[in-house]
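Note: the block below is final-v6.pdb and it holds PDB, C-alpha atoms.
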ATOM      1  CA  MET F 926      31.867  23.254   0.114
ATOM      2  CA  GLU F 927      31.609  22.839  -3.593
ATOM      3  CA  LEU F 928      28.302  21.835  -5.142
ATOM      4  CA  GLU F 929      29.717  18.551  -6.506
ATOM      5  CA  ALA F 930      30.961  17.511  -3.072
ATOM      6  CA  VAL F 931      27.653  18.348  -1.434
ATOM      7  CA  LYS F 932      25.806  16.307  -4.025
ATOM      8  CA  LEU F 933      28.011  13.273  -3.409
ATOM      9  CA  LEU F 934      27.613  13.646   0.362
ATOM     10  CA  ALA F 935      23.849  13.931   0.026
ATOM     11  CA  GLY F 936      23.835  10.806  -2.124
ATOM     12  CA  ALA F 937      25.826   8.947   0.523
ATOM     13  CA  ILE F 938      23.570  10.117   3.354
ATOM     14  CA  ALA F 939      20.494   9.037   1.380
ATOM     15  CA  LEU F 940      21.843   5.474   1.494
ATOM     16  CA  LEU F 941      21.790   5.327   5.311
ATOM     17  CA  PRO F 942      18.457   3.375   5.308
ATOM     18  CA  LEU F 943      20.530   0.428   4.063
ATOM     19  CA  ILE F 944      21.598  -0.128   7.690
ATOM     20  CA  GLY F 945      18.011  -0.794   8.703
ATOM     21  CA  VAL F 946      17.246  -2.828   5.606
ATOM     22  CA  GLY F 947      20.320  -4.957   6.235
ATOM     23  CA  ILE F 948      19.240  -5.697   9.787
ATOM     24  CA  GLY F 949      15.677  -6.382   8.637
ATOM     25  CA  LEU F 950      16.739  -8.786   5.888
ATOM     26  CA  GLY F 951      19.006 -10.561   8.346
ATOM     27  CA  LEU F 952      16.105 -11.018  10.728
ATOM     28  CA  ILE F 953      13.894 -12.353   7.918
ATOM     29  CA  PHE F 954      16.513 -14.879   6.759
ATOM     30  CA  ALA F 955      17.278 -15.897  10.341
ATOM     31  CA  SER F 956      13.696 -16.443  11.396
ATOM     32  CA  TYR F 957      12.842 -18.268   8.162
ATOM     33  CA  ASN F 958      15.770 -20.639   8.564
ATOM     34  CA  GLU F 959      14.995 -21.174  12.221
ATOM     35  CA  ALA F 960      11.336 -21.908  11.497
ATOM     36  CA  VAL F 961      12.165 -24.358   8.712
ATOM     37  CA  GLY F 962      14.807 -25.986  10.896
ATOM     38  CA  ARG F 963      12.310 -26.523  13.667
ATOM     39  CA  ASN F 964       9.515 -27.714  11.405
ATOM     40  CA  PRO F 965      10.668 -28.757   7.904
ATOM     41  CA  ASN F 966       7.058 -29.548   6.917
ATOM     42  CA  ALA F 967       6.193 -25.853   7.151
ATOM     43  CA  ALA F 968       8.738 -24.912   4.464
ATOM     44  CA  GLU F 969       6.179 -24.900   1.640
ATOM     45  CA  LEU F 970       3.820 -22.679   3.618
ATOM     46  CA  LEU F 971       6.571 -20.311   4.704
ATOM     47  CA  ASP F 972       8.267 -19.984   1.296
ATOM     48  CA  LYS F 973       5.690 -17.583  -0.124
ATOM     49  CA  LYS F 974       5.473 -15.417   2.979
ATOM     50  CA  TYR F 975       9.247 -15.347   3.140
ATOM     51  CA  PHE F 976       9.639 -14.229  -0.475
ATOM     52  CA  LEU F 977       6.976 -11.570  -0.017
ATOM     53  CA  ALA F 978       8.662 -10.231   3.118
ATOM     54  CA  PHE F 979      12.032 -10.323   1.382
ATOM     55  CA  ALA F 980      10.773  -8.360  -1.619
ATOM     56  CA  LEU F 981       8.928  -5.801   0.501
ATOM     57  CA  THR F 982      11.983  -5.153   2.679
ATOM     58  CA  GLU F 983      14.378  -5.083  -0.233
ATOM     59  CA  ALA F 984      12.194  -2.524  -1.976
ATOM     60  CA  LEU F 985      12.996  -0.030   0.786
ATOM     61  CA  ALA F 986      16.695  -0.289  -0.006
ATOM     62  CA  ILE F 987      15.896   0.245  -3.675
ATOM     63  CA  PHE F 988      13.852   3.363  -2.844
ATOM     64  CA  ALA F 989      16.888   4.733  -0.998
ATOM     65  CA  LEU F 990      19.147   3.869  -3.926
ATOM     66  CA  LEU F 991      16.785   5.671  -6.288
ATOM     67  CA  ILE F 992      16.769   8.812  -4.124
ATOM     68  CA  SER F 993      20.553   8.650  -3.956
ATOM     69  CA  LEU F 994      20.898   8.321  -7.738
ATOM     70  CA  TYR F 995      18.475  11.196  -8.158
ATOM     71  CA  LEU F 996      20.479  13.423  -5.796
ATOM     72  CA  VAL F 997      23.788  12.669  -7.480
ATOM     73  CA  PHE F 998      22.807  12.703 -11.163
ATOM     74  CA  VAL F 999      19.624  14.786 -11.474
ATOM     75  CA  GLY F1000      19.278  17.192  -8.534
TER
ATOM     76  CA  MET G1379      32.199   4.127 -21.917
ATOM     77  CA  ALA G1380      28.465   3.938 -22.496
ATOM     78  CA  ASN G1381      26.205   5.599 -19.966
ATOM     79  CA  PRO G1382      24.401   2.984 -17.812
ATOM     80  CA  ILE G1383      21.197   5.041 -17.983
ATOM     81  CA  HIS G1384      21.309   5.062 -21.781
ATOM     82  CA  GLN G1385      19.475   1.705 -22.020
ATOM     83  CA  PHE G1386      16.265   3.278 -20.683
ATOM     84  CA  GLU G1387      16.024   5.837 -23.476
ATOM     85  CA  ILE G1388      12.739   5.849 -25.387
ATOM     86  CA  TYR G1389      12.962   6.734 -29.062
ATOM     87  CA  SER G1390      10.526   6.683 -31.936
ATOM     88  CA  LEU G1391      11.009   3.831 -34.382
ATOM     89  CA  THR G1392       9.610   5.896 -37.243
ATOM     90  CA  ASP G1393      11.356   8.998 -38.603
ATOM     91  CA  LYS G1394       8.173  11.010 -38.653
ATOM     92  CA  HIS G1395       6.683  11.685 -35.223
ATOM     93  CA  PHE G1396       2.965  11.077 -34.925
ATOM     94  CA  VAL G1397       1.700  14.010 -32.867
ATOM     95  CA  LEU G1398      -1.934  14.245 -31.789
ATOM     96  CA  GLY G1399      -3.164  17.187 -29.736
ATOM     97  CA  GLY G1400       0.292  18.004 -28.379
ATOM     98  CA  LEU G1401       0.977  14.370 -27.436
ATOM     99  CA  ASP G1402       3.697  12.414 -29.196
ATOM    100  CA  LEU G1403       1.992   9.122 -30.032
ATOM    101  CA  SER G1404       4.777   7.659 -32.177
ATOM    102  CA  TYR G1405       5.503   3.940 -32.191
ATOM    103  CA  THR G1406       8.486   3.685 -29.844
ATOM    104  CA  ASN G1407      10.807   0.897 -28.755
ATOM    105  CA  SER G1408       8.706   0.641 -25.600
ATOM    106  CA  SER G1409       5.574   0.029 -27.682
ATOM    107  CA  LEU G1410       7.482  -2.503 -29.765
ATOM    108  CA  TRP G1411       8.396  -4.618 -26.716
ATOM    109  CA  MET G1412       4.855  -4.348 -25.342
ATOM    110  CA  THR G1413       3.578  -5.617 -28.683
ATOM    111  CA  ILE G1414       6.080  -8.468 -28.551
ATOM    112  CA  ALA G1415       4.887  -9.372 -25.047
ATOM    113  CA  VAL G1416       1.229  -9.378 -26.138
ATOM    114  CA  VAL G1417       1.888 -11.423 -29.297
ATOM    115  CA  PHE G1418       4.175 -13.839 -27.472
ATOM    116  CA  SER G1419       1.802 -14.504 -24.567
ATOM    117  CA  THR G1420      -1.254 -14.858 -26.830
ATOM    118  CA  MET G1421       0.555 -17.177 -29.220
ATOM    119  CA  PHE G1422       2.066 -19.268 -26.433
ATOM    120  CA  LEU G1423      -1.174 -19.729 -24.513
ATOM    121  CA  THR G1424      -3.288 -20.544 -27.586
ATOM    122  CA  MET G1425      -0.652 -22.891 -29.026
ATOM    123  CA  ALA G1426      -0.174 -24.661 -25.693
ATOM    124  CA  MET G1427      -3.880 -25.173 -25.098
ATOM    125  CA  ARG G1428      -4.856 -26.003 -28.687
ATOM    126  CA  ARG G1429      -4.855 -29.776 -28.294
ATOM    127  CA  LYS G1430      -6.182 -29.921 -24.699
ATOM    128  CA  ALA G1431      -4.762 -33.376 -24.147
ATOM    129  CA  LEU G1432      -5.686 -35.389 -21.063
ATOM    130  CA  VAL G1433      -2.018 -36.273 -20.692
ATOM    131  CA  PRO G1434      -0.489 -32.862 -21.339
ATOM    132  CA  GLY G1435       2.589 -32.206 -23.403
ATOM    133  CA  ARG G1436       5.475 -29.985 -22.382
ATOM    134  CA  MET G1437       3.913 -26.689 -23.412
ATOM    135  CA  GLN G1438       0.522 -27.552 -21.945
ATOM    136  CA  VAL G1439       2.076 -28.428 -18.602
ATOM    137  CA  PHE G1440       3.802 -25.045 -18.545
ATOM    138  CA  ALA G1441       0.633 -23.135 -19.443
ATOM    139  CA  GLU G1442      -1.391 -25.075 -16.892
ATOM    140  CA  SER G1443       1.176 -24.501 -14.165
ATOM    141  CA  ILE G1444       1.039 -20.725 -14.758
ATOM    142  CA  TYR G1445      -2.751 -20.936 -14.532
ATOM    143  CA  GLY G1446      -2.548 -23.021 -11.377
ATOM    144  CA  PHE G1447      -0.015 -20.660  -9.829
ATOM    145  CA  VAL G1448      -2.239 -17.595 -10.299
ATOM    146  CA  ALA G1449      -5.441 -19.469  -9.357
ATOM    147  CA  ASN G1450      -3.773 -20.676  -6.165
ATOM    148  CA  MET G1451      -2.625 -17.170  -5.333
ATOM    149  CA  ILE G1452      -6.181 -15.846  -5.731
ATOM    150  CA  ARG G1453      -7.708 -18.687  -3.710
ATOM    151  CA  GLU G1454      -5.265 -18.162  -0.851
ATOM    152  CA  ASN G1455      -5.492 -14.372  -0.758
ATOM    153  CA  ILE G1456      -9.023 -13.440  -1.829
ATOM    154  CA  GLY G1457     -10.924 -16.668  -1.292
ATOM    155  CA  SER G1458     -13.680 -18.252  -3.363
ATOM    156  CA  LYS G1459     -15.212 -14.866  -4.121
ATOM    157  CA  GLY G1460     -12.050 -13.921  -5.988
ATOM    158  CA  ARG G1461     -12.629 -16.304  -8.898
ATOM    159  CA  GLN G1462     -14.353 -13.610 -10.951
ATOM    160  CA  TYR G1463     -11.207 -11.464 -10.793
ATOM    161  CA  PHE G1464      -9.039 -14.235 -12.254
ATOM    162  CA  PRO G1465      -8.782 -12.711 -15.783
ATOM    163  CA  LEU G1466      -7.663  -9.370 -14.341
ATOM    164  CA  ILE G1467      -5.036 -10.844 -12.029
ATOM    165  CA  PHE G1468      -3.770 -13.321 -14.636
ATOM    166  CA  THR G1469      -3.371 -10.602 -17.280
ATOM    167  CA  LEU G1470      -1.606  -8.356 -14.793
ATOM    168  CA  PHE G1471       0.793 -11.139 -13.840
ATOM    169  CA  ILE G1472       1.603 -11.992 -17.460
ATOM    170  CA  VAL G1473       2.134  -8.345 -18.451
ATOM    171  CA  VAL G1474       4.510  -7.621 -15.576
ATOM    172  CA  LEU G1475       6.316 -10.960 -15.796
ATOM    173  CA  LEU G1476       6.920 -10.678 -19.543
ATOM    174  CA  GLY G1477       7.970  -7.042 -19.165
ATOM    175  CA  ASN G1478      10.605  -8.028 -16.635
ATOM    176  CA  MET G1479      11.707 -11.191 -18.425
ATOM    177  CA  LEU G1480      11.916  -9.744 -21.946
ATOM    178  CA  GLY G1481      14.058  -6.992 -20.450
ATOM    179  CA  MET G1482      16.688  -9.614 -19.617
ATOM    180  CA  LEU G1483      17.278 -10.309 -23.338
ATOM    181  CA  PRO G1484      20.359  -8.529 -24.691
ATOM    182  CA  TYR G1485      19.592  -5.327 -26.662
ATOM    183  CA  SER G1486      15.972  -5.426 -25.508
ATOM    184  CA  PHE G1487      13.987  -2.793 -23.665
ATOM    185  CA  THR G1488      12.390  -3.254 -20.228
ATOM    186  CA  TYR G1489       9.065  -1.485 -20.417
ATOM    187  CA  THR G1490       8.429  -1.995 -16.685
ATOM    188  CA  SER G1491      11.483   0.184 -16.002
ATOM    189  CA  HIS G1492       9.452   3.292 -16.783
ATOM    190  CA  ILE G1493       7.330   4.688 -13.983
ATOM    191  CA  ILE G1494       4.560   5.737 -16.351
ATOM    192  CA  VAL G1495       3.910   2.084 -17.264
ATOM    193  CA  THR G1496       3.943   0.744 -13.712
ATOM    194  CA  ALA G1497       1.988   3.734 -12.395
ATOM    195  CA  ALA G1498      -0.688   3.161 -15.036
ATOM    196  CA  LEU G1499      -1.002  -0.482 -13.924
ATOM    197  CA  ALA G1500      -1.026   0.420 -10.221
ATOM    198  CA  PHE G1501      -3.616   3.184 -10.613
ATOM    199  CA  LEU G1502      -5.752   0.816 -12.680
ATOM    200  CA  ILE G1503      -5.790  -1.555  -9.697
ATOM    201  CA  PHE G1504      -6.442   1.333  -7.309
ATOM    202  CA  PHE G1505      -9.477   2.596  -9.240
ATOM    203  CA  ILE G1506     -10.819  -0.927  -9.753
ATOM    204  CA  VAL G1507     -10.623  -1.483  -5.993
ATOM    205  CA  VAL G1508     -12.384   1.821  -5.248
ATOM    206  CA  LEU G1509     -15.086   1.309  -7.889
ATOM    207  CA  ILE G1510     -15.811  -2.290  -6.880
ATOM    208  CA  GLY G1511     -16.001  -1.178  -3.269
ATOM    209  CA  LEU G1512     -18.387   1.676  -4.042
ATOM    210  CA  PHE G1513     -20.658  -0.423  -6.276
ATOM    211  CA  LYS G1514     -20.748  -3.424  -3.980
ATOM    212  CA  HIS G1515     -21.007  -1.754  -0.603
ATOM    213  CA  GLY G1516     -22.094   1.797  -1.390
ATOM    214  CA  PHE G1517     -21.477   4.202   1.459
ATOM    215  CA  HIS G1518     -20.473   1.285   3.658
ATOM    216  CA  PHE G1519     -17.199   1.165   1.681
ATOM    217  CA  PHE G1520     -15.787   3.968   3.841
ATOM    218  CA  SER G1521     -15.784   1.680   6.878
ATOM    219  CA  LEU G1522     -12.560   0.398   5.290
ATOM    220  CA  PHE G1523     -10.871   3.365   6.935
ATOM    221  CA  LEU G1524     -12.194   2.405  10.359
ATOM    222  CA  PRO G1525     -10.678  -0.837  11.638
ATOM    223  CA  PRO G1526     -13.104  -2.685  13.928
ATOM    224  CA  GLY G1527     -12.422  -2.643  17.663
ATOM    225  CA  VAL G1528     -10.802   0.786  17.766
ATOM    226  CA  PRO G1529     -11.817   2.882  20.833
ATOM    227  CA  TRP G1530     -13.683   6.049  19.890
ATOM    228  CA  TRP G1531     -11.057   8.440  21.250
ATOM    229  CA  LEU G1532      -8.415   6.972  18.881
ATOM    230  CA  MET G1533     -10.529   7.581  15.768
ATOM    231  CA  PRO G1534      -9.181  11.076  14.935
ATOM    232  CA  LEU G1535      -5.723   9.525  14.860
ATOM    233  CA  ILE G1536      -6.479   6.199  13.154
ATOM    234  CA  VAL G1537      -8.771   7.373  10.357
ATOM    235  CA  PRO G1538      -6.312   9.839   8.729
ATOM    236  CA  ILE G1539      -3.546   7.245   8.959
ATOM    237  CA  GLU G1540      -5.752   4.615   7.315
ATOM    238  CA  ILE G1541      -6.785   7.037   4.560
ATOM    239  CA  MET G1542      -3.166   7.985   3.923
ATOM    240  CA  SER G1543      -1.989   4.381   3.800
ATOM    241  CA  PHE G1544      -4.815   3.634   1.356
ATOM    242  CA  MET G1545      -3.918   6.569  -0.886
ATOM    243  CA  ILE G1546      -0.194   5.803  -0.910
ATOM    244  CA  ARG G1547      -0.740   2.210  -2.137
ATOM    245  CA  PRO G1548      -0.588   2.853  -5.906
ATOM    246  CA  VAL G1549       2.550   4.961  -5.425
ATOM    247  CA  THR G1550       4.465   2.305  -3.499
ATOM    248  CA  LEU G1551       3.157  -0.454  -5.773
ATOM    249  CA  SER G1552       4.422   1.285  -8.915
ATOM    250  CA  VAL G1553       7.672   2.666  -7.491
ATOM    251  CA  ARG G1554       8.644  -0.744  -6.067
ATOM    252  CA  LEU G1555       8.481  -2.450  -9.467
ATOM    253  CA  PHE G1556      10.004   0.392 -11.467
ATOM    254  CA  ALA G1557      12.837   1.055  -8.993
ATOM    255  CA  ASN G1558      13.723  -2.631  -8.748
ATOM    256  CA  MET G1559      13.950  -2.947 -12.513
ATOM    257  CA  ILE G1560      15.925   0.257 -13.008
ATOM    258  CA  ALA G1561      18.357  -0.466 -10.157
ATOM    259  CA  GLY G1562      18.996  -4.030 -11.319
ATOM    260  CA  HIS G1563      19.663  -3.058 -14.909
ATOM    261  CA  ILE G1564      21.929  -0.154 -13.916
ATOM    262  CA  MET G1565      23.896  -2.529 -11.681
ATOM    263  CA  LEU G1566      24.388  -5.011 -14.547
ATOM    264  CA  LYS G1567      25.607  -2.283 -16.897
ATOM    265  CA  VAL G1568      27.938  -0.759 -14.278
ATOM    266  CA  PHE G1569      29.652  -4.106 -13.698
ATOM    267  CA  ALA G1570      29.870  -4.708 -17.437
ATOM    268  CA  GLY G1571      31.487  -1.275 -17.678
ATOM    269  CA  PHE G1572      34.127  -2.248 -15.069
ATOM    270  CA  SER G1573      34.920  -5.343 -17.111
ATOM    271  CA  VAL G1574      35.263  -3.416 -20.376
ATOM    272  CA  GLY G1575      37.400  -0.750 -18.742
ATOM    273  CA  MET G1576      39.817  -3.292 -17.244
ATOM    274  CA  MET G1577      40.065  -5.298 -20.461
ATOM    275  CA  ALA G1578      40.944  -2.132 -22.365
ATOM    276  CA  ALA G1579      43.690  -1.218 -19.852
ATOM    277  CA  GLY G1580      46.135  -3.811 -21.236
ATOM    278  CA  GLY G1581      48.822  -5.811 -19.411
ATOM    279  CA  LEU G1582      47.993  -7.853 -16.330
ATOM    280  CA  ILE G1583      44.899  -5.759 -15.605
ATOM    281  CA  THR G1584      43.259  -7.333 -18.655
ATOM    282  CA  LEU G1585      42.994 -10.632 -16.779
ATOM    283  CA  GLY G1586      41.418  -8.786 -13.851
ATOM    284  CA  GLY G1587      38.550  -7.884 -16.140
ATOM    285  CA  LEU G1588      37.313 -11.453 -15.780
ATOM    286  CA  GLY G1589      36.362 -10.749 -12.150
ATOM    287  CA  PRO G1590      33.509  -8.317 -12.815
ATOM    288  CA  MET G1591      32.388 -10.529 -15.698
ATOM    289  CA  LEU G1592      32.040 -13.590 -13.459
ATOM    290  CA  PHE G1593      30.246 -11.490 -10.881
ATOM    291  CA  ASN G1594      27.969 -10.207 -13.633
ATOM    292  CA  SER G1595      26.920 -13.739 -14.566
ATOM    293  CA  VAL G1596      25.905 -14.310 -10.936
ATOM    294  CA  LEU G1597      24.033 -10.997 -10.989
ATOM    295  CA  ILE G1598      22.122 -12.016 -14.117
ATOM    296  CA  GLY G1599      20.838 -15.091 -12.294
ATOM    297  CA  PHE G1600      19.848 -12.863  -9.400
ATOM    298  CA  GLU G1601      18.097 -10.499 -11.816
ATOM    299  CA  PHE G1602      15.997 -13.360 -13.177
ATOM    300  CA  LEU G1603      14.945 -14.128  -9.604
ATOM    301  CA  ILE G1604      14.080 -10.457  -9.025
ATOM    302  CA  ALA G1605      12.183 -10.274 -12.335
ATOM    303  CA  PHE G1606       9.952 -13.160 -11.275
ATOM    304  CA  LEU G1607       9.714 -12.071  -7.652
ATOM    305  CA  GLN G1608       8.624  -8.540  -8.495
ATOM    306  CA  ALA G1609       5.914  -9.802 -10.840
ATOM    307  CA  TYR G1610       4.765 -12.116  -8.038
ATOM    308  CA  VAL G1611       4.807  -9.324  -5.455
ATOM    309  CA  PHE G1612       2.963  -6.931  -7.760
ATOM    310  CA  THR G1613       0.151  -9.428  -8.347
ATOM    311  CA  ILE G1614      -0.061 -10.664  -4.753
ATOM    312  CA  LEU G1615      -0.329  -7.100  -3.455
ATOM    313  CA  SER G1616      -3.075  -6.420  -6.019
ATOM    314  CA  CYS G1617      -4.832  -9.524  -4.651
ATOM    315  CA  ILE G1618      -4.489  -8.266  -1.085
ATOM    316  CA  TYR G1619      -5.852  -4.835  -2.049
ATOM    317  CA  LEU G1620      -8.781  -6.476  -3.852
ATOM    318  CA  LYS G1621      -9.494  -8.633  -0.816
ATOM    319  CA  ASP G1622      -9.939  -5.570   1.387
ATOM    320  CA  THR G1623     -12.931  -4.429  -0.642
ATOM    321  CA  VAL G1624     -14.340  -7.821  -1.564
ATOM    322  CA  GLU G1625     -14.395  -9.008   2.042
ATOM    323  CA  LEU G1626     -15.414  -5.733   3.635
ATOM    324  CA  GLY G1627     -16.744  -6.051   7.181
ATOM    325  CA  HIS G1628     -15.850  -9.703   7.704
TER
END

I need this file expressed as structure tokens, please.
Amino acid sequence: MELEAVKLLAGAIALLPLIGVGIGLGLIFASYNEAVGRNPNAAELLDKKYFLAFALTEALAIFALLISLYLVFVG
Amino acid sequence: MANPIHQFEIYSLTDKHFVLGGLDLSYTNSSLWMTIAVVFSTMFLTMAMRRKALVPGRMQVFAESIYGFVANMIRENIGSKGRQYFPLIFTLFIVVLLGNMLGMLPYSFTYTSHIIVTAALAFLIFFIVVLIGLFKHGFHFFSLFLPPGVPWWLMPLIVPIEIMSFMIRPVTLSVRLFANMIAGHIMLKVFAGFSVGMMAAGGLITLGGLGPMLFNSVLIGFEFLIAFLQAYVFTILSCIYLKDTVELGH
């Protein structure tokens, strides 16, 4: 295979963690909504934890994106 | 079409480079935006709190709510012992928040999008945590790597893992902020590039250029959320790391 093609493939493979991050974010949204639906008074308490969990999970996707960009444009 | 990475370029604002001992210490665009952040935050906070009214005005309410936000975060995460770290945490929050927010201005520069800046902040926190731990608890500080209630035969496995997860903290802390900023700004510029390319195509495709533009306006709102959220996450994680040493053995 040509070097360009391999680079693009490597970049695509490096984005595979997005599957897991997608599932994880879905679980976070789902459980947050379920918890608030069951007990609306807890929303204020849960908001901060929910945003923290969201940002920590989303960061993993961004790490993968960074590796992918590195493979395609720098490596 | 302009390169989406081009916006992160650092250049000297003066023609003559100021080199000291092999290091280029020129005044760059990054330094300029850091200066703007420092001047802006100092001016805003002193102006807002100058009158100290009992019934606060608009600016005073805003300044007090930022104070209350950070003080609340410290109280919830570190506890009453964390009050003495308030200046550190507050400064950290303002620096990161203004870095992210000023980066959303057109033609500006996001200084948090460079790993050297975020890594410097994260390693500052890391060394503060280690030094406070060593001064406060002495040799007892190393019990941080030994969670209580672990059976003795698991220790050879748990202790290296704990040490590694402690050492990796500044890396993840800095890379999270820097990667979020860089990815968000690249995404904005890529969609703007789609719009420009379609508008330049002529004919019916010109109208199609509105699509990416509308999507870009949604993305800008999302970027503001991320800018605030990442500043919040950076400070709250610093709080959590500080708590580990402040409340050692509780």

Using 7 Å as the limit and counting all atoms listed in the file, can you tabulate each residue of chain F that touches chain G, with its shortest atom-to-atom distance in Å and the two atoms involved, as CSV?
residue,atom,partner,partner_atom,distance
F:Leu977,CA,G:Val1611,CA,6.3
F:Ala984,CA,G:Arg1554,CA,5.7
F:Ile987,CA,G:Ala1557,CA,6.2
F:Phe988,CA,G:Ala1557,CA,6.6
F:Leu991,CA,G:Ala1557,CA,6.6

Practice prompt. Write out as a PyMOL selection string which residues come within 8 Å of Ala978 in chain F when counting all atoms listed in the file, dropping same-chain ones fewer than 4 positions away.
Written response: chain F and resi 953+974+982

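As for CA of Lys1514 in chain G and CA of Thr1623 in chain G, they are spaced 8.6 Å apart.
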
Practice prompt. Go ahead and compute the interatomic distance for CA of Asn1381 in chain G and CA of Ser1573 in chain G, in Å to one decimal.
Written response: 14.3 Å

Fill in: Within 10 Å of Glu929 in chain F using all atoms listed in the file, minus same-chain residues under 5 positions, as a ChimeraX atom specification
/F:934-935,997

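Here CA of Met1412 in chain G is placed at a distance of 22.0 Å from CA of Phe1504 in chain G.
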
Worksheet entry | Distance query Ala939 in chain F at most 7 Å, only C-alpha atoms, self and fewer than 6 positions along chain excluded, as a list in words | Ala989, Ile992 and Ser993 of chain F

Item to complete: Just give me the residues with any atom within 12 Å of (-0.1, -8.0, -8.7), file coordinates, counting all atoms listed in the file, written as a PyMOL selection string.
Response: (chain F and resi 977) or (chain G and resi 1448+1451-1452+1455+1463-1464+1466-1475+1496+1499-1504+1548+1551-1552+1554-1555+1606-1620)

Item to complete: Would you list the contacts of Gly1477 in chain G as a ChimeraX atom specification, taking every protein, DNA or RNA residue within 7 Å and counting all atoms listed in the file, but skipping same-chain residues closer than 4 positions in sequence?
Response: /G:1473,1481,1488-1490

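The point (12.5, -20.6, 8.0) has these residues within 10 Å of it when all atoms listed in the file are used: F:Ile953, F:Phe954, F:Ala955, F:Ser956, F:Tyr957, F:Asn958, F:Glu959, F:Ala960, F:Val961, F:Gly962, F:Arg963, F:Asn964, F:Pro965, F:Ala967, F:Ala968, F:Glu969, F:Leu970, F:Leu971, F:Asp972, F:Tyr975.
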
The PyMOL selection byres ((chain F and resi 943) around 10) - which residues does that actually catch in the file I just gave you? List them as a PDB file with C-alpha atoms, in the frame of the given file.
ATOM      1  CA  ALA F 939      20.494   9.037   1.380  1.00  0.00           C
ATOM      2  CA  LEU F 940      21.843   5.474   1.494  1.00  0.00           C
ATOM      3  CA  LEU F 941      21.790   5.327   5.311  1.00  0.00           C
ATOM      4  CA  PRO F 942      18.457   3.375   5.308  1.00  0.00           C
ATOM      5  CA  ILE F 944      21.598  -0.128   7.690  1.00  0.00           C
ATOM      6  CA  GLY F 945      18.011  -0.794   8.703  1.00  0.00           C
ATOM      7  CA  VAL F 946      17.246  -2.828   5.606  1.00  0.00           C
ATOM      8  CA  GLY F 947      20.320  -4.957   6.235  1.00  0.00           C
ATOM      9  CA  ILE F 948      19.240  -5.697   9.787  1.00  0.00           C
ATOM     10  CA  GLY F 949      15.677  -6.382   8.637  1.00  0.00           C
ATOM     11  CA  GLU F 983      14.378  -5.083  -0.233  1.00  0.00           C
ATOM     12  CA  LEU F 985      12.996  -0.030   0.786  1.00  0.00           C
ATOM     13  CA  ALA F 986      16.695  -0.289  -0.006  1.00  0.00           C
ATOM     14  CA  ILE F 987      15.896   0.245  -3.675  1.00  0.00           C
ATOM     15  CA  ALA F 989      16.888   4.733  -0.998  1.00  0.00           C
ATOM     16  CA  LEU F 990      19.147   3.869  -3.926  1.00  0.00           C
TER      17      LEU F 990
END

Using only the atoms of range 1618-1624 of chain G listed in the file, plus 3 Å on each side, state the axis-aligned box centre and edge lengths in Å rounded to one decimal, as lines of an AutoDock Vina configuration file.
center_x = -9.4
center_y = -6.5
center_z = -1.2
size_x = 15.9
size_y = 10.2
size_z = 11.2

Cut-off 12 Å: closest range 1482-1522 of chain G/range 1563-1569 of chain G atom pairs per residue, using all atoms listed in the file, as JSON lines:
{"residue": "G:Met1482", "atom": "CA", "partner": "G:His1563", "partner_atom": "CA", "distance": 8.6}
{"residue": "G:Leu1483", "atom": "CA", "partner": "G:His1563", "partner_atom": "CA", "distance": 11.4}
{"residue": "G:Pro1484", "atom": "CA", "partner": "G:His1563", "partner_atom": "CA", "distance": 11.2}
{"residue": "G:Tyr1485", "atom": "CA", "partner": "G:Lys1567", "partner_atom": "CA", "distance": 11.9}
{"residue": "G:Ser1486", "atom": "CA", "partner": "G:His1563", "partner_atom": "CA", "distance": 11.5}
{"residue": "G:Phe1487", "atom": "CA", "partner": "G:His1563", "partner_atom": "CA", "distance": 10.4}
{"residue": "G:Thr1488", "atom": "CA", "partner": "G:His1563", "partner_atom": "CA", "distance": 9.0}
{"residue": "G:Thr1490", "atom": "CA", "partner": "G:His1563", "partner_atom": "CA", "distance": 11.4}
{"residue": "G:Ser1491", "atom": "CA", "partner": "G:His1563", "partner_atom": "CA", "distance": 8.9}

I need range 993-999 of chain F from the structure I supplied, saved as a compact mmCIF listing (two decimals), in the first residue's frame with N, CA and C atoms retained.
# COMPACT_ATOMS: atom_id res chain seq x y z
N SER F 993 -5.38 10.80 15.99
CA SER F 993 -5.72 10.62 14.58
C SER F 993 -5.16 11.76 13.74
N LEU F 994 -5.35 12.99 14.20
CA LEU F 994 -4.81 14.15 13.47
C LEU F 994 -3.31 14.08 13.37
N TYR F 995 -2.67 13.62 14.47
CA TYR F 995 -1.23 13.49 14.48
C TYR F 995 -0.78 12.49 13.42
N LEU F 996 -1.47 11.33 13.37
CA LEU F 996 -1.09 10.28 12.43
C LEU F 996 -1.23 10.75 10.99
N VAL F 997 -2.31 11.51 10.71
CA VAL F 997 -2.57 11.89 9.33
C VAL F 997 -1.67 13.04 8.89
N PHE F 998 -1.50 14.06 9.77
CA PHE F 998 -0.82 15.27 9.31
C PHE F 998 0.64 15.36 9.70
N VAL F 999 1.02 14.73 10.82
CA VAL F 999 2.41 14.91 11.31
C VAL F 999 3.24 13.66 11.05
